[in-house]
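Here's run_27.pdb, which has PDB, C-alpha atoms:
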```
ATOM      1  CA  ILE A 256      17.665   2.704  54.630
ATOM      2  CA  PRO A 257      15.952  -0.385  53.217
ATOM      3  CA  GLU A 258      16.954  -3.740  54.629
ATOM      4  CA  PRO A 259      19.177  -5.856  52.389
ATOM      5  CA  ILE A 260      17.645  -8.826  50.626
ATOM      6  CA  THR A 261      18.248 -12.016  52.580
ATOM      7  CA  ASP A 262      19.528 -15.273  51.100
ATOM      8  CA  ARG A 263      16.119 -16.782  51.752
ATOM      9  CA  GLN A 264      14.432 -14.031  49.744
ATOM     10  CA  ILE A 265      16.905 -14.464  46.896
ATOM     11  CA  LYS A 266      16.177 -18.204  46.852
ATOM     12  CA  ALA A 267      12.413 -17.520  46.805
ATOM     13  CA  ILE A 268      12.778 -15.073  43.905
ATOM     14  CA  ARG A 269      14.763 -17.657  41.928
ATOM     15  CA  GLU A 270      12.187 -20.353  42.639
ATOM     16  CA  LEU A 271       9.350 -18.084  41.514
ATOM     17  CA  ALA A 272      11.243 -17.307  38.309
ATOM     18  CA  GLN A 273      11.606 -21.047  37.701
ATOM     19  CA  VAL A 274       7.883 -21.552  38.321
ATOM     20  CA  ASP A 275       7.061 -18.770  35.850
ATOM     21  CA  LYS A 276       9.209 -20.472  33.245
ATOM     22  CA  GLU A 277       7.599 -23.868  33.868
ATOM     23  CA  LEU A 278       4.014 -22.587  33.833
ATOM     24  CA  GLY A 279       4.382 -20.145  30.974
ATOM     25  CA  ALA A 280       2.971 -16.650  30.899
ATOM     26  CA  PHE A 281      -0.694 -17.701  30.947
ATOM     27  CA  GLY A 282      -0.290 -20.258  33.727
ATOM     28  CA  ALA A 283       1.821 -17.932  35.877
ATOM     29  CA  ALA A 284      -0.709 -15.113  35.475
ATOM     30  CA  LEU A 285      -3.551 -17.480  36.378
ATOM     31  CA  ILE A 286      -1.767 -18.653  39.526
ATOM     32  CA  ARG A 287      -1.014 -15.066  40.555
ATOM     33  CA  ASP A 288      -4.630 -14.021  40.033
ATOM     34  CA  VAL A 289      -6.076 -16.889  42.075
ATOM     35  CA  LEU A 290      -3.449 -17.322  44.785
ATOM     36  CA  GLY A 291      -1.882 -13.872  44.910
ATOM     37  CA  ARG A 292      -4.854 -11.633  44.235
ATOM     38  CA  ARG A 293      -7.360 -14.068  45.820
ATOM     39  CA  LYS A 294      -9.715 -14.075  42.842
ATOM     40  CA  THR A 295     -12.118 -16.881  42.063
ATOM     41  CA  ILE A 296     -11.943 -18.708  38.759
ATOM     42  CA  LEU A 297     -15.169 -16.947  37.766
ATOM     43  CA  GLU A 298     -13.634 -13.541  38.507
ATOM     44  CA  VAL A 299     -10.530 -14.439  36.496
ATOM     45  CA  ALA A 300     -12.725 -15.593  33.619
ATOM     46  CA  THR A 301     -14.719 -12.359  33.715
ATOM     47  CA  ASP A 302     -11.520 -10.285  33.729
ATOM     48  CA  ARG A 303     -10.398 -12.152  30.600
ATOM     49  CA  MET A 304     -13.770 -11.813  28.873
ATOM     50  CA  MET A 305     -14.285 -15.583  29.070
ATOM     51  CA  HIS A 306     -18.005 -15.959  29.735
ATOM     52  CA  ARG A 307     -18.875 -19.355  28.277
ATOM     53  CA  GLN A 308     -19.008 -22.336  30.617
ATOM     54  CA  ARG A 309     -16.520 -24.155  28.411
ATOM     55  CA  GLU A 310     -13.996 -21.324  28.906
ATOM     56  CA  ILE A 311     -14.547 -21.276  32.665
ATOM     57  CA  ASN A 312     -14.047 -25.034  32.778
ATOM     58  CA  TYR A 313     -10.817 -24.606  30.807
ATOM     59  CA  LEU A 314      -9.515 -22.098  33.357
ATOM     60  CA  SER A 315     -10.386 -24.491  36.193
ATOM     61  CA  ARG A 316      -8.541 -27.359  34.508
ATOM     62  CA  ARG A 317      -5.556 -25.157  33.678
ATOM     63  CA  PHE A 318      -5.391 -23.924  37.277
ATOM     64  CA  ARG A 319      -5.332 -27.506  38.567
ATOM     65  CA  GLU A 320      -2.619 -28.388  36.037
ATOM     66  CA  CYS A 321      -0.545 -25.449  37.237
ATOM     67  CA  LEU A 322      -0.907 -26.548  40.862
ATOM     68  CA  ASP A 323       0.166 -30.062  39.876
ATOM     69  CA  ASP A 324       3.168 -28.687  37.980
ATOM     70  CA  MET A 325       4.187 -26.589  40.979
ATOM     71  CA  ALA A 326       3.859 -29.582  43.309
ATOM     72  CA  LYS A 327       6.094 -31.643  41.030
ATOM     73  CA  LEU A 328       8.619 -28.828  40.726
ATOM     74  CA  TRP A 329       8.890 -28.530  44.511
ATOM     75  CA  SER A 330       8.776 -32.327  45.064
ATOM     76  CA  LEU A 331       5.433 -32.141  46.862
ATOM     77  CA  ALA A 332       3.543 -34.477  44.515
ATOM     78  CA  THR A 333       2.876 -37.977  45.744
TER      79      THR A 333
END
```
Whole structure given in structure tokens:
Amino acid sequence: IPEPITDRQIKAIRELAQVDKELGAFGAALIRDVLGRRKTILEVATDRMMHRQREINYLSRRFRECLDDMAKLWSLAT
């Protein structure tokens, strides 16, 4: 018998859904690839067929923006 979902887990699921909404589909997928799947920006770029330096730089900037947005959402930004 699986364990029931705790209140803490329910809260975490809701927060992640809010983050997804704030970041949008592209931003949420980028965050999951880098933080969840432990890929580098270069690996993410390769997976998305983004080989030009300009595209890699875009992904880096977008990743930083997503981290900033998450910090603001969770009141961690200074």
Open item on the list: Can you translate the PyMOL selection byres ((chain A and resi 318) around 10) into the concrete residues it hits in this file, as a count of residues only?
Closed with: 18
Open item on the list: Just the number, please: distance in Å from atom CA of Met325 of chain A to atom CA of Glu277 of chain A, one decimal.
Closed with: 8.3 Å
Task: Length of the atom CA of Asp288 of chain A to atom CA of Glu310 of chain A vector [Å] - done: 16.3 Å
TODO: Report the distance between atom CA of Leu271 of chain A and atom CA of Ala326 of chain A in Å, rounded to one decimal place.
DONE: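 Atom-to-atom, atom CA of Leu271 of chain A and atom CA of Ala326 of chain A are spaced 12.9 Å apart.
Using only C-alpha atoms, the nearest neighbour of Trp329 of chain A within the list A:Thr295, A:Val274, A:Ile265, A:Met305 is A:Val274.
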For segment 291-296 of chain A, take all atoms listed in the file, fit an axis-aligned box around them, add 3 Å to each of the six sides, then output centre and edge lengths in Å rounded to one decimal, as lines of an AutoDock Vina configuration file.
```
center_x = -7.0
center_y = -15.2
center_z = 42.3
size_x = 16.2
size_y = 13.1
size_z = 13.1
```
- [ ] Could you tell me which of A:Leu278, A:Ile311, A:Ala272, A:Ala332 comes closest to Leu297 of chain A if we count all atoms listed in the file?
- [x] A:Ile311
Can you sort out segment 303-322 of chain A so it carries N, CA and C atoms, written as a PDB file, in the frame of the given file?
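For reference, out-v9.pdb as written:
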```
ATOM      1  N   ARG A 303     -10.958 -11.784  31.907  1.00  0.00           N
ATOM      2  CA  ARG A 303     -10.398 -12.152  30.600  1.00  0.00           C
ATOM      3  C   ARG A 303     -11.469 -12.263  29.512  1.00  0.00           C
ATOM      4  N   MET A 304     -12.649 -11.773  29.828  1.00  0.00           N
ATOM      5  CA  MET A 304     -13.770 -11.813  28.873  1.00  0.00           C
ATOM      6  C   MET A 304     -14.083 -13.238  28.424  1.00  0.00           C
ATOM      7  N   MET A 305     -13.977 -14.179  29.340  1.00  0.00           N
ATOM      8  CA  MET A 305     -14.285 -15.583  29.070  1.00  0.00           C
ATOM      9  C   MET A 305     -15.586 -15.896  29.811  1.00  0.00           C
ATOM     10  N   HIS A 306     -16.706 -15.852  29.087  1.00  0.00           N
ATOM     11  CA  HIS A 306     -18.005 -15.959  29.735  1.00  0.00           C
ATOM     12  C   HIS A 306     -18.674 -17.313  29.528  1.00  0.00           C
ATOM     13  N   ARG A 307     -18.248 -18.056  28.544  1.00  0.00           N
ATOM     14  CA  ARG A 307     -18.875 -19.355  28.277  1.00  0.00           C
ATOM     15  C   ARG A 307     -18.430 -20.377  29.322  1.00  0.00           C
ATOM     16  N   GLN A 308     -19.315 -21.300  29.628  1.00  0.00           N
ATOM     17  CA  GLN A 308     -19.008 -22.336  30.617  1.00  0.00           C
ATOM     18  C   GLN A 308     -17.796 -23.157  30.195  1.00  0.00           C
ATOM     19  N   ARG A 309     -17.662 -23.395  28.919  1.00  0.00           N
ATOM     20  CA  ARG A 309     -16.520 -24.155  28.411  1.00  0.00           C
ATOM     21  C   ARG A 309     -15.202 -23.428  28.726  1.00  0.00           C
ATOM     22  N   GLU A 310     -15.192 -22.114  28.611  1.00  0.00           N
ATOM     23  CA  GLU A 310     -13.996 -21.324  28.906  1.00  0.00           C
ATOM     24  C   GLU A 310     -13.687 -21.321  30.404  1.00  0.00           C
ATOM     25  N   ILE A 311     -14.721 -21.236  31.208  1.00  0.00           N
ATOM     26  CA  ILE A 311     -14.547 -21.276  32.665  1.00  0.00           C
ATOM     27  C   ILE A 311     -14.011 -22.636  33.088  1.00  0.00           C
ATOM     28  N   ASN A 312     -14.542 -23.689  32.491  1.00  0.00           N
ATOM     29  CA  ASN A 312     -14.047 -25.034  32.778  1.00  0.00           C
ATOM     30  C   ASN A 312     -12.582 -25.182  32.382  1.00  0.00           C
ATOM     31  N   TYR A 313     -12.208 -24.573  31.245  1.00  0.00           N
ATOM     32  CA  TYR A 313     -10.817 -24.606  30.807  1.00  0.00           C
ATOM     33  C   TYR A 313      -9.916 -23.952  31.852  1.00  0.00           C
ATOM     34  N   LEU A 314     -10.316 -22.776  32.339  1.00  0.00           N
ATOM     35  CA  LEU A 314      -9.515 -22.098  33.357  1.00  0.00           C
ATOM     36  C   LEU A 314      -9.371 -22.949  34.613  1.00  0.00           C
ATOM     37  N   SER A 315     -10.439 -23.620  35.014  1.00  0.00           N
ATOM     38  CA  SER A 315     -10.386 -24.491  36.193  1.00  0.00           C
ATOM     39  C   SER A 315      -9.393 -25.626  35.981  1.00  0.00           C
ATOM     40  N   ARG A 316      -9.464 -26.257  34.814  1.00  0.00           N
ATOM     41  CA  ARG A 316      -8.541 -27.359  34.508  1.00  0.00           C
ATOM     42  C   ARG A 316      -7.105 -26.862  34.447  1.00  0.00           C
ATOM     43  N   ARG A 317      -6.906 -25.716  33.812  1.00  0.00           N
ATOM     44  CA  ARG A 317      -5.556 -25.157  33.678  1.00  0.00           C
ATOM     45  C   ARG A 317      -4.993 -24.793  35.045  1.00  0.00           C
ATOM     46  N   PHE A 318      -5.830 -24.256  35.926  1.00  0.00           N
ATOM     47  CA  PHE A 318      -5.391 -23.924  37.277  1.00  0.00           C
ATOM     48  C   PHE A 318      -4.930 -25.182  38.010  1.00  0.00           C
ATOM     49  N   ARG A 319      -5.714 -26.246  37.915  1.00  0.00           N
ATOM     50  CA  ARG A 319      -5.332 -27.506  38.567  1.00  0.00           C
ATOM     51  C   ARG A 319      -4.026 -28.053  37.993  1.00  0.00           C
ATOM     52  N   GLU A 320      -3.866 -27.948  36.675  1.00  0.00           N
ATOM     53  CA  GLU A 320      -2.619 -28.388  36.037  1.00  0.00           C
ATOM     54  C   GLU A 320      -1.431 -27.592  36.567  1.00  0.00           C
ATOM     55  N   CYS A 321      -1.620 -26.302  36.727  1.00  0.00           N
ATOM     56  CA  CYS A 321      -0.545 -25.449  37.237  1.00  0.00           C
ATOM     57  C   CYS A 321      -0.180 -25.839  38.670  1.00  0.00           C
ATOM     58  N   LEU A 322      -1.183 -26.109  39.493  1.00  0.00           N
ATOM     59  CA  LEU A 322      -0.907 -26.548  40.862  1.00  0.00           C
ATOM     60  C   LEU A 322      -0.142 -27.863  40.864  1.00  0.00           C
TER      61      LEU A 322
END
```
